[in-house]
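To be precise, the following lines are entry.pdb, and they hold PDB, C-alpha atoms.
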```pdb
MODEL        1
ATOM      1  CA  MET A   2    -115.574  56.077 -24.832
ATOM      2  CA  THR A   3    -112.761  58.509 -25.557
ATOM      3  CA  LEU A   4    -110.859  59.682 -28.611
ATOM      4  CA  ASP A   5    -108.100  57.214 -27.709
ATOM      5  CA  ASP A   6    -110.656  54.376 -27.664
ATOM      6  CA  LEU A   7    -111.947  55.344 -31.123
ATOM      7  CA  LEU A   8    -108.380  55.594 -32.411
ATOM      8  CA  ARG A   9    -107.599  52.083 -31.140
ATOM      9  CA  ILE A  10    -110.728  50.729 -32.845
ATOM     10  CA  ALA A  11    -109.860  52.493 -36.110
ATOM     11  CA  SER A  12    -106.261  51.303 -35.803
ATOM     12  CA  ASP A  13    -107.378  47.683 -35.487
ATOM     13  CA  ARG A  14    -109.912  47.957 -38.301
ATOM     14  CA  TYR A  15    -107.691  49.818 -40.759
ATOM     15  CA  LYS A  16    -104.370  48.132 -39.864
ATOM     16  CA  GLN A  17    -102.668  51.460 -39.165
ATOM     17  CA  SER A  18    -101.157  52.981 -36.065
ATOM     18  CA  PRO A  19    -103.197  55.599 -34.196
ATOM     19  CA  GLU A  20    -100.455  58.097 -35.099
ATOM     20  CA  ASP A  21    -100.843  57.331 -38.814
ATOM     21  CA  ILE A  22    -104.616  57.742 -38.593
ATOM     22  CA  LEU A  23    -104.199  61.066 -36.782
ATOM     23  CA  GLN A  24    -101.791  62.176 -39.494
ATOM     24  CA  LEU A  25    -104.359  61.390 -42.204
ATOM     25  CA  MET A  26    -106.970  63.319 -40.238
ATOM     26  CA  ASP A  27    -104.583  66.245 -39.776
ATOM     27  CA  ILE A  28    -103.916  66.376 -43.519
ATOM     28  CA  ILE A  29    -107.646  66.571 -44.221
ATOM     29  CA  ALA A  30    -108.103  69.242 -41.537
ATOM     30  CA  TYR A  31    -105.093  71.150 -42.880
ATOM     31  CA  HIS A  32    -106.708  71.305 -46.304
ATOM     32  CA  GLU A  33    -110.254  71.955 -45.124
ATOM     33  CA  THR A  34    -109.371  74.875 -42.854
ATOM     34  CA  GLY A  35    -107.560  76.777 -45.623
ATOM     35  CA  HIS A  36    -104.802  79.363 -45.408
ATOM     36  CA  ASP A  37    -106.577  81.926 -43.258
ATOM     37  CA  GLN A  38    -107.889  79.544 -40.581
ATOM     38  CA  ARG A  39    -105.255  76.815 -40.747
ATOM     39  CA  MET A  40    -105.941  74.044 -38.212
ATOM     40  CA  GLN A  41    -108.340  76.179 -36.170
ATOM     41  CA  PRO A  42    -111.242  74.183 -34.700
ATOM     42  CA  THR A  43    -113.379  77.335 -35.025
ATOM     43  CA  ALA A  44    -112.878  77.509 -38.820
ATOM     44  CA  ARG A  45    -115.882  78.387 -40.945
ATOM     45  CA  GLN A  46    -116.268  77.949 -44.678
ATOM     46  CA  ILE A  47    -115.680  81.235 -46.463
ATOM     47  CA  LEU A  48    -117.238  81.474 -49.911
ATOM     48  CA  ASN A  49    -115.746  83.381 -52.846
ATOM     49  CA  ASP A  50    -117.977  86.389 -52.131
ATOM     50  CA  GLY A  51    -116.727  86.522 -48.498
ATOM     51  CA  SER A  52    -119.921  85.156 -46.976
ATOM     52  CA  TYR A  53    -120.031  82.024 -44.838
ATOM     53  CA  GLY A  54    -121.027  78.643 -46.231
ATOM     54  CA  LYS A  55    -122.295  75.538 -44.455
ATOM     55  CA  GLY A  56    -118.867  74.032 -43.655
ATOM     56  CA  ALA A  57    -117.657  74.326 -40.083
ATOM     57  CA  GLY A  58    -114.738  73.172 -37.966
ATOM     58  CA  LEU A  59    -111.562  71.310 -38.792
ATOM     59  CA  TYR A  60    -113.222  68.916 -41.227
ATOM     60  CA  GLN A  61    -115.772  71.417 -42.566
ATOM     61  CA  PHE A  62    -118.777  69.278 -41.639
ATOM     62  CA  GLU A  63    -121.840  70.995 -43.088
ATOM     63  CA  LYS A  64    -124.186  72.713 -40.663
ATOM     64  CA  GLY A  65    -127.918  72.194 -40.836
ATOM     65  CA  PRO A  66    -130.461  69.420 -40.375
ATOM     66  CA  LYS A  67    -129.512  66.161 -42.096
ATOM     67  CA  GLN A  68    -126.137  67.627 -43.144
ATOM     68  CA  GLY A  69    -122.649  66.191 -42.603
ATOM     69  CA  GLY A  70    -122.248  67.533 -39.074
ATOM     70  CA  ALA A  71    -125.525  66.002 -37.927
ATOM     71  CA  THR A  72    -124.688  62.703 -39.653
ATOM     72  CA  ALA A  73    -121.251  62.478 -38.031
ATOM     73  CA  MET A  74    -122.612  63.400 -34.592
ATOM     74  CA  GLN A  75    -125.467  60.909 -34.877
ATOM     75  CA  ARG A  76    -122.984  58.174 -35.786
ATOM     76  CA  LEU A  77    -120.942  59.058 -32.694
ATOM     77  CA  ARG A  78    -124.082  59.018 -30.551
ATOM     78  CA  ASN A  79    -125.083  55.631 -32.016
ATOM     79  CA  ILE A  80    -121.697  54.165 -31.096
ATOM     80  CA  MET A  81    -122.225  55.300 -27.508
ATOM     81  CA  LEU A  82    -125.955  54.604 -27.145
ATOM     82  CA  GLU A  83    -125.833  51.170 -28.775
ATOM     83  CA  GLY A  84    -122.577  50.123 -27.135
ATOM     84  CA  ARG A  85    -121.026  49.182 -30.471
ATOM     85  CA  PHE A  86    -117.454  49.203 -29.182
ATOM     86  CA  GLY A  87    -117.946  49.361 -25.440
ATOM     87  CA  PRO A  88    -120.599  49.745 -22.767
ATOM     88  CA  LYS A  89    -123.974  51.214 -23.706
ATOM     89  CA  LEU A  90    -124.637  54.704 -22.443
ATOM     90  CA  THR A  91    -127.988  56.298 -21.763
ATOM     91  CA  GLU A  92    -128.933  59.727 -23.157
ATOM     92  CA  GLU A  93    -128.190  61.181 -19.733
ATOM     93  CA  GLU A  94    -124.687  59.651 -19.708
ATOM     94  CA  LEU A  95    -123.660  61.092 -23.076
ATOM     95  CA  PRO A  96    -121.111  63.906 -22.930
ATOM     96  CA  GLU A  97    -122.817  67.300 -23.245
ATOM     97  CA  PHE A  98    -121.262  68.080 -26.646
ATOM     98  CA  MET A  99    -123.139  65.135 -28.200
ATOM     99  CA  ASN A 100    -126.532  66.678 -27.528
ATOM    100  CA  TYR A 101    -127.896  68.663 -30.452
ATOM    101  CA  ASP A 102    -131.172  69.874 -31.882
ATOM    102  CA  ARG A 103    -131.950  67.764 -34.956
ATOM    103  CA  SER A 104    -133.929  70.635 -36.494
ATOM    104  CA  ILE A 105    -130.763  72.775 -36.445
ATOM    105  CA  GLY A 106    -127.953  70.246 -36.893
ATOM    106  CA  VAL A 107    -124.406  70.497 -35.571
ATOM    107  CA  ASP A 108    -122.014  73.428 -35.857
ATOM    108  CA  ALA A 109    -118.656  71.685 -35.456
ATOM    109  CA  SER A 110    -116.876  75.033 -35.129
ATOM    110  CA  LEU A 111    -118.344  75.264 -31.611
ATOM    111  CA  LEU A 112    -116.596  72.033 -30.561
ATOM    112  CA  ASP A 113    -112.972  71.535 -29.566
ATOM    113  CA  LYS A 114    -110.451  69.555 -31.614
ATOM    114  CA  GLU A 115    -110.868  66.321 -29.655
ATOM    115  CA  GLU A 116    -114.656  66.415 -30.017
ATOM    116  CA  GLN A 117    -114.345  67.050 -33.759
ATOM    117  CA  ASP A 118    -111.802  64.217 -34.068
ATOM    118  CA  MET A 119    -114.274  61.896 -32.348
ATOM    119  CA  MET A 120    -116.981  62.947 -34.822
ATOM    120  CA  PHE A 121    -114.650  62.322 -37.753
ATOM    121  CA  LEU A 122    -113.670  58.847 -36.538
ATOM    122  CA  ALA A 123    -117.257  57.856 -35.767
ATOM    123  CA  ASN A 124    -118.259  59.079 -39.207
ATOM    124  CA  ILE A 125    -115.731  56.850 -40.958
ATOM    125  CA  LEU A 126    -116.198  53.859 -38.625
ATOM    126  CA  GLU A 127    -119.984  53.881 -39.141
ATOM    127  CA  ASP A 128    -120.116  54.839 -42.826
ATOM    128  CA  PRO A 129    -122.042  52.078 -44.652
ATOM    129  CA  ARG A 130    -120.240  52.630 -47.974
ATOM    130  CA  SER A 131    -117.724  49.871 -48.636
ATOM    131  CA  ASN A 132    -115.062  52.286 -49.882
ATOM    132  CA  ALA A 133    -115.369  54.567 -46.832
ATOM    133  CA  THR A 134    -112.267  53.207 -45.176
ATOM    134  CA  PHE A 135    -108.726  54.157 -44.210
ATOM    135  CA  LEU A 136    -107.586  50.604 -45.017
ATOM    136  CA  GLY A 137    -104.526  50.989 -47.239
ATOM    137  CA  VAL A 138    -104.765  54.792 -47.181
ATOM    138  CA  THR A 139    -101.492  56.718 -46.920
ATOM    139  CA  PRO A 140    -100.733  60.417 -47.247
ATOM    140  CA  ASP A 141     -99.780  59.786 -50.876
ATOM    141  CA  ASN A 142    -103.166  58.287 -51.854
ATOM    142  CA  LEU A 143    -105.351  60.163 -49.340
ATOM    143  CA  VAL A 144    -106.600  62.375 -52.181
ATOM    144  CA  ASN A 145    -108.739  59.445 -53.375
ATOM    145  CA  TYR A 146    -110.453  59.115 -49.987
ATOM    146  CA  TYR A 147    -110.875  62.879 -49.821
ATOM    147  CA  ARG A 148    -112.363  63.129 -53.315
ATOM    148  CA  ASP A 149    -114.598  60.052 -53.138
ATOM    149  CA  ILE A 150    -115.724  60.076 -49.491
ATOM    150  CA  HIS A 151    -114.991  63.189 -47.460
ATOM    151  CA  ASN A 152    -115.639  66.062 -49.855
ATOM    152  CA  ALA A 153    -119.380  66.706 -49.941
ATOM    153  CA  GLY A 154    -119.189  69.310 -52.685
ATOM    154  CA  THR A 155    -119.896  68.758 -56.346
ATOM    155  CA  VAL A 156    -116.584  70.232 -57.528
ATOM    156  CA  ASP A 157    -113.526  67.967 -57.723
ATOM    157  CA  ARG A 158    -111.014  69.652 -55.416
ATOM    158  CA  SER A 159    -108.287  67.031 -55.886
ATOM    159  CA  ALA A 160    -105.777  69.531 -57.292
ATOM    160  CA  SER A 161    -106.146  71.923 -54.365
ATOM    161  CA  PHE A 162    -106.001  68.980 -51.940
ATOM    162  CA  LEU A 163    -102.695  67.848 -53.481
ATOM    163  CA  GLU A 164    -101.333  71.392 -53.092
ATOM    164  CA  SER A 165    -102.344  71.353 -49.423
ATOM    165  CA  LEU A 166    -100.699  67.941 -48.995
ATOM    166  CA  LYS A 167     -97.468  69.248 -50.504
ATOM    167  CA  ASP A 168     -97.553  72.245 -48.136
ATOM    168  CA  PHE A 169     -98.386  69.998 -45.151
ATOM    169  CA  LYS A 170     -95.416  67.732 -45.900
ATOM    170  CA  LYS A 171     -93.101  70.734 -46.243
ATOM    171  CA  GLN A 172     -94.277  72.115 -42.898
ATOM    172  CA  GLN A 173     -93.732  68.733 -41.243
ATOM    173  CA  ALA A 174     -90.227  68.477 -42.695
ATOM    174  CA  ASP A 175     -89.423  72.033 -41.561
ATOM    175  CA  LYS A 176     -90.669  71.153 -38.076
ATOM    176  CA  LYS A 177     -88.401  68.090 -37.945
ATOM    177  CA  ILE A 178     -85.405  70.186 -39.041
ATOM    178  CA  GLU A 179     -86.148  72.665 -36.243
ATOM    179  CA  GLU A 180     -86.301  69.770 -33.768
ATOM    180  CA  ILE A 181     -82.912  68.521 -34.938
ATOM    181  CA  ILE A 182     -81.440  72.000 -34.589
ATOM    182  CA  ASP A 183     -82.986  72.363 -31.137
ATOM    183  CA  GLY A 184     -81.820  68.860 -30.179
ATOM    184  CA  THR A 185     -85.377  67.682 -29.510
ATOM    185  CA  ILE A 186     -85.703  65.082 -32.289
ATOM    186  CA  SER A 187     -87.148  62.007 -30.632
ATOM    187  CA  SER A 188     -86.074  59.003 -32.679
ATOM    188  CA  PRO A 189     -84.113  57.775 -35.721
ATOM    189  CA  ALA A 190     -87.453  57.288 -37.491
ATOM    190  CA  ASP A 191     -88.121  61.007 -37.118
ATOM    191  CA  GLU A 192     -84.743  61.760 -38.675
ATOM    192  CA  ALA A 193     -85.556  59.412 -41.560
ATOM    193  CA  PHE A 194     -88.788  61.336 -42.196
ATOM    194  CA  ILE A 195     -86.950  64.501 -43.224
ATOM    195  CA  THR A 196     -84.648  62.678 -45.631
ATOM    196  CA  ASN A 197     -87.527  61.157 -47.620
TER     197      ASN A 197
ENDMDL
END
```

Represent the structure contained in this file as structure tokens.
Amino acid sequence: MTLDDLLRIASDRYKQSPEDILQLMDIIAYHETGHDQRMQPTARQILNDGSYGKGAGLYQFEKGPKQGGATAMQRLRNIMLEGRFGPKLTEEELPEFMNYDRSIGVDASLLDKEEQDMMFLANILEDPRSNATFLGVTPDNLVNYYRDIHNAGTVDRSASFLESLKDFKKQQADKKIEEIIDGTISSPADEAFITN
């Protein structure tokens, strides 16, 4: 099973295109990686005192046993080992990045973007909470998903998430303007994006 397979499954379940789901994921990663490590798969949580916290990677999955990284990876492994959306794999057939020591957990910052995206999708697809869904989620209401589901901290970071969203949208609009200037804009829908 590949990232594209997981995206198709999520697309069917959440009634959104794979591109829209990737955009939602990118917005979360954009916020989670912060200004200094923006969209870097190797990002690590930096605390106010300059030390490192538990968060790691694009989505800042917490490192350690029974933490967010281990939960997301175990959900991805379960999908593969139990054949939930495709053929069952054996432990030996799992991709190497899915093997981890449960007593240590998973450091997502050691994985590439595609592997982290697979963890994120497995985490949402296998989350037992009824509100853990991208159904009806758009960039404009993604803050609710972020606050209620993704953010593992105890502090409500909705305001900073909304600031990141605003910055993300501005960067996307600037990118589209550059494409128009360069003559590389790909469709009328892309042109409509920058006028909204």

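Here the question is which of A:Asp102, A:Glu94, A:Asp5, A:Glu33 gets nearest to A:Asp118 using all atoms listed in the file, and that residue is A:Asp5.
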
Counting only C-alpha atoms, note down every residue that has an atom within 12 Å of the point (-124.2, 56.6, -46.3) (file coordinates), as an MDAnalysis selection string.
-> chainID A and resid 67:69 72:73 76 124:133 150:151 153

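All residues of protein, DNA or RNA that reach within 7 Å of A:Gly58, judged by all atoms listed in the file and not counting those fewer than 6 positions away in the chain, are Pro42, Thr43, Ala44, Arg45, Ala109 and Ser110 of chain A.
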
Please evaluate the PyMOL selection byres ((chain A and resi 31) around 10) against the displayed coordinates and give the resulting residues as JSON, numbers by chain.
-> {"A": [25, 26, 27, 28, 29, 30, 32, 33, 34, 35, 36, 38, 39, 40, 41, 59, 60, 162, 165, 166, 168, 169]}

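When the distance limit is 9 Å and all atoms listed in the file are what count, the residues near A:Asp108, minus those fewer than 2 positions from it on the same chain, are A:Lys55, A:Gly56, A:Ala57, A:Gly58, A:Phe62, A:Glu63, A:Lys64, A:Gly65, A:Gly70, A:Ala71, A:Ile105, A:Gly106, A:Ser110, A:Leu111, A:Leu112.
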
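Here atom CA of A:Gly137 is placed at a distance of 28.2 Å from atom CA of A:Glu83.
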
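If you look at atom CA of A:Thr91 and atom CA of A:Lys114, they are 24.1 Å away from each other.
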